[in-house]
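Let me begin by presenting the structure, written as structure tokens, before commenting on it.
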Amino acid sequence: MKLFNRYGENLVRRHRTAATAGAAVIAAVCLATASPAVAAQAADAPTTHSATDCADHTFTTSARVVEGSTAIPWNYFIAAQAGTISTCLDGPDGADFDLVLRYFGTDGLQTVATSSGDEDVKTLSYEVHAPGAYRIEVVATKGSGDCTVGLTIP
């Protein structure tokens, strides 16, 4: 897995030498460094996903989104192998936040999956066939407030 911050630093390599725990903890530390407002989840988190709770994803973070704007919880992440990217968004009651997964392709950012609707909790899954760089965006179409975003990378 490769994770980069906004300065292009490879955070896995940067933290690998300082970490004394397993690979999941290293990745959690790296994702936490990649975003200014991150609450990385414990490495022993279950790998199953619930439509009502984002805490069961490998990585979680919180964000604040204002109506009409977009939050980007992580600058980008690398899916280094085939598998399923699974994301979750738990937004505030009464607000309408959408979850968007975008791929950094040769033609720029491409939207590959979205989850919208009136529910407070939204999930989406995307099947990765080849390694690549992705970004999650939270779009506040109605209302403002704090949200939790969960991410599991293959």
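Simple scheme: letters A, B, ... for chains in structure tokens order, numbers from 1 for residues in each chain, numbers from 1 for ligands in the order shown.
Near A:His129, within 8 Å and counting only C-alpha atoms, sit Gln81, Ala82 and Gly83 of chain A; same-chain residues fewer than 5 positions away were not included.
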Store the residues picked out above in a file with all heavy atoms, as a compact mmCIF listing (two decimals), in the first residue's frame.
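After the write, out_5.txt holds the following:
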# COMPACT_ATOMS: atom_id res chain seq x y z
N GLN A 81 -3.51 -3.27 -5.15
CA GLN A 81 -3.85 -4.59 -5.69
C GLN A 81 -5.33 -4.63 -6.01
O GLN A 81 -6.09 -3.77 -5.60
CB GLN A 81 -3.49 -5.67 -4.68
CG GLN A 81 -4.24 -5.54 -3.37
CD GLN A 81 -3.72 -6.49 -2.32
OE1 GLN A 81 -2.67 -7.08 -2.48
NE2 GLN A 81 -4.46 -6.65 -1.25
N ALA A 82 -5.72 -5.65 -6.75
CA ALA A 82 -7.13 -5.84 -7.08
C ALA A 82 -7.90 -6.16 -5.81
O ALA A 82 -7.37 -6.72 -4.86
CB ALA A 82 -7.29 -6.96 -8.10
N GLY A 83 -9.15 -5.77 -5.78
CA GLY A 83 -10.01 -5.99 -4.62
C GLY A 83 -11.08 -4.92 -4.55
O GLY A 83 -11.32 -4.21 -5.54
Handout entry: A:Ala71 environment, 7 Å, only C-alpha atoms, sequence neighbours closer than 5 positions dropped, as a list of chain:residue names
Key = A:Val65, A:Glu137, A:Val138, A:Val139
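Once A:Gly105 and its same-chain neighbours fewer than 6 positions away are set aside, Thr111, Gly132, Ala133 and Tyr134 of chain A remain within 10 Å of it when counting only C-alpha atoms.
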Keeping only N, CA, C and O atoms, write those residues as a PDB file, in the first residue's frame.
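In the end it all went to out.pdb:
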ATOM      1  N   THR A 111     -14.718  10.463 -11.865  1.00  0.00           N
ATOM      2  CA  THR A 111     -15.635   9.909 -10.873  1.00  0.00           C
ATOM      3  C   THR A 111     -15.940   8.464 -11.260  1.00  0.00           C
ATOM      4  O   THR A 111     -16.365   8.192 -12.371  1.00  0.00           O
ATOM      5  N   GLY A 132      -4.009   1.749  -8.584  1.00  0.00           N
ATOM      6  CA  GLY A 132      -4.178   3.135  -8.972  1.00  0.00           C
ATOM      7  C   GLY A 132      -4.386   4.041  -7.780  1.00  0.00           C
ATOM      8  O   GLY A 132      -4.535   3.598  -6.645  1.00  0.00           O
ATOM      9  N   ALA A 133      -4.411   5.348  -8.047  1.00  0.00           N
ATOM     10  CA  ALA A 133      -4.602   6.372  -7.026  1.00  0.00           C
ATOM     11  C   ALA A 133      -6.063   6.818  -7.025  1.00  0.00           C
ATOM     12  O   ALA A 133      -6.661   7.020  -8.085  1.00  0.00           O
ATOM     13  N   TYR A 134      -6.626   6.988  -5.839  1.00  0.00           N
ATOM     14  CA  TYR A 134      -8.028   7.354  -5.676  1.00  0.00           C
ATOM     15  C   TYR A 134      -8.157   8.457  -4.640  1.00  0.00           C
ATOM     16  O   TYR A 134      -7.256   8.684  -3.845  1.00  0.00           O
TER      17      TYR A 134
END
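Computed from the coordinates, the atom CA of A:Pro92 to atom CA of A:Ala79 distance equals 28.7 Å.
Here the question is which of A:Thr70, A:Ser116, A:Thr87, A:Thr61 gets nearest to A:Leu101 using only C-alpha atoms, and that residue is A:Thr87.
One finds atom CA of A:Arg64 at 23.8 Å from atom CA of A:Ile78.
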Handout entry: Close residues, A:Gly145 itself excluded, 9 Å, only C-alpha atoms, min 2 positions apart in chain, as number ranges by chain
Key = A: 63-67, 91-92, 95, 140, 143, 147
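Taking atom CA of A:Tyr76 and atom CA of A:Ile136 as endpoints, the distance between them is 7.5 Å.
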Problem - Residues near stretch 122-127 of chain A, cut-off 7 Å, only C-alpha atoms, skip fewer than 5 positions along chain, as a PyMOL selection string - result: chain A and resi 51+83-90+113-115
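Minimum distance to A:Ser69 across A:Thr152, A:Pro131, A:Asp98, A:Gln110 (counting only C-alpha atoms) occurs at A:Asp98.
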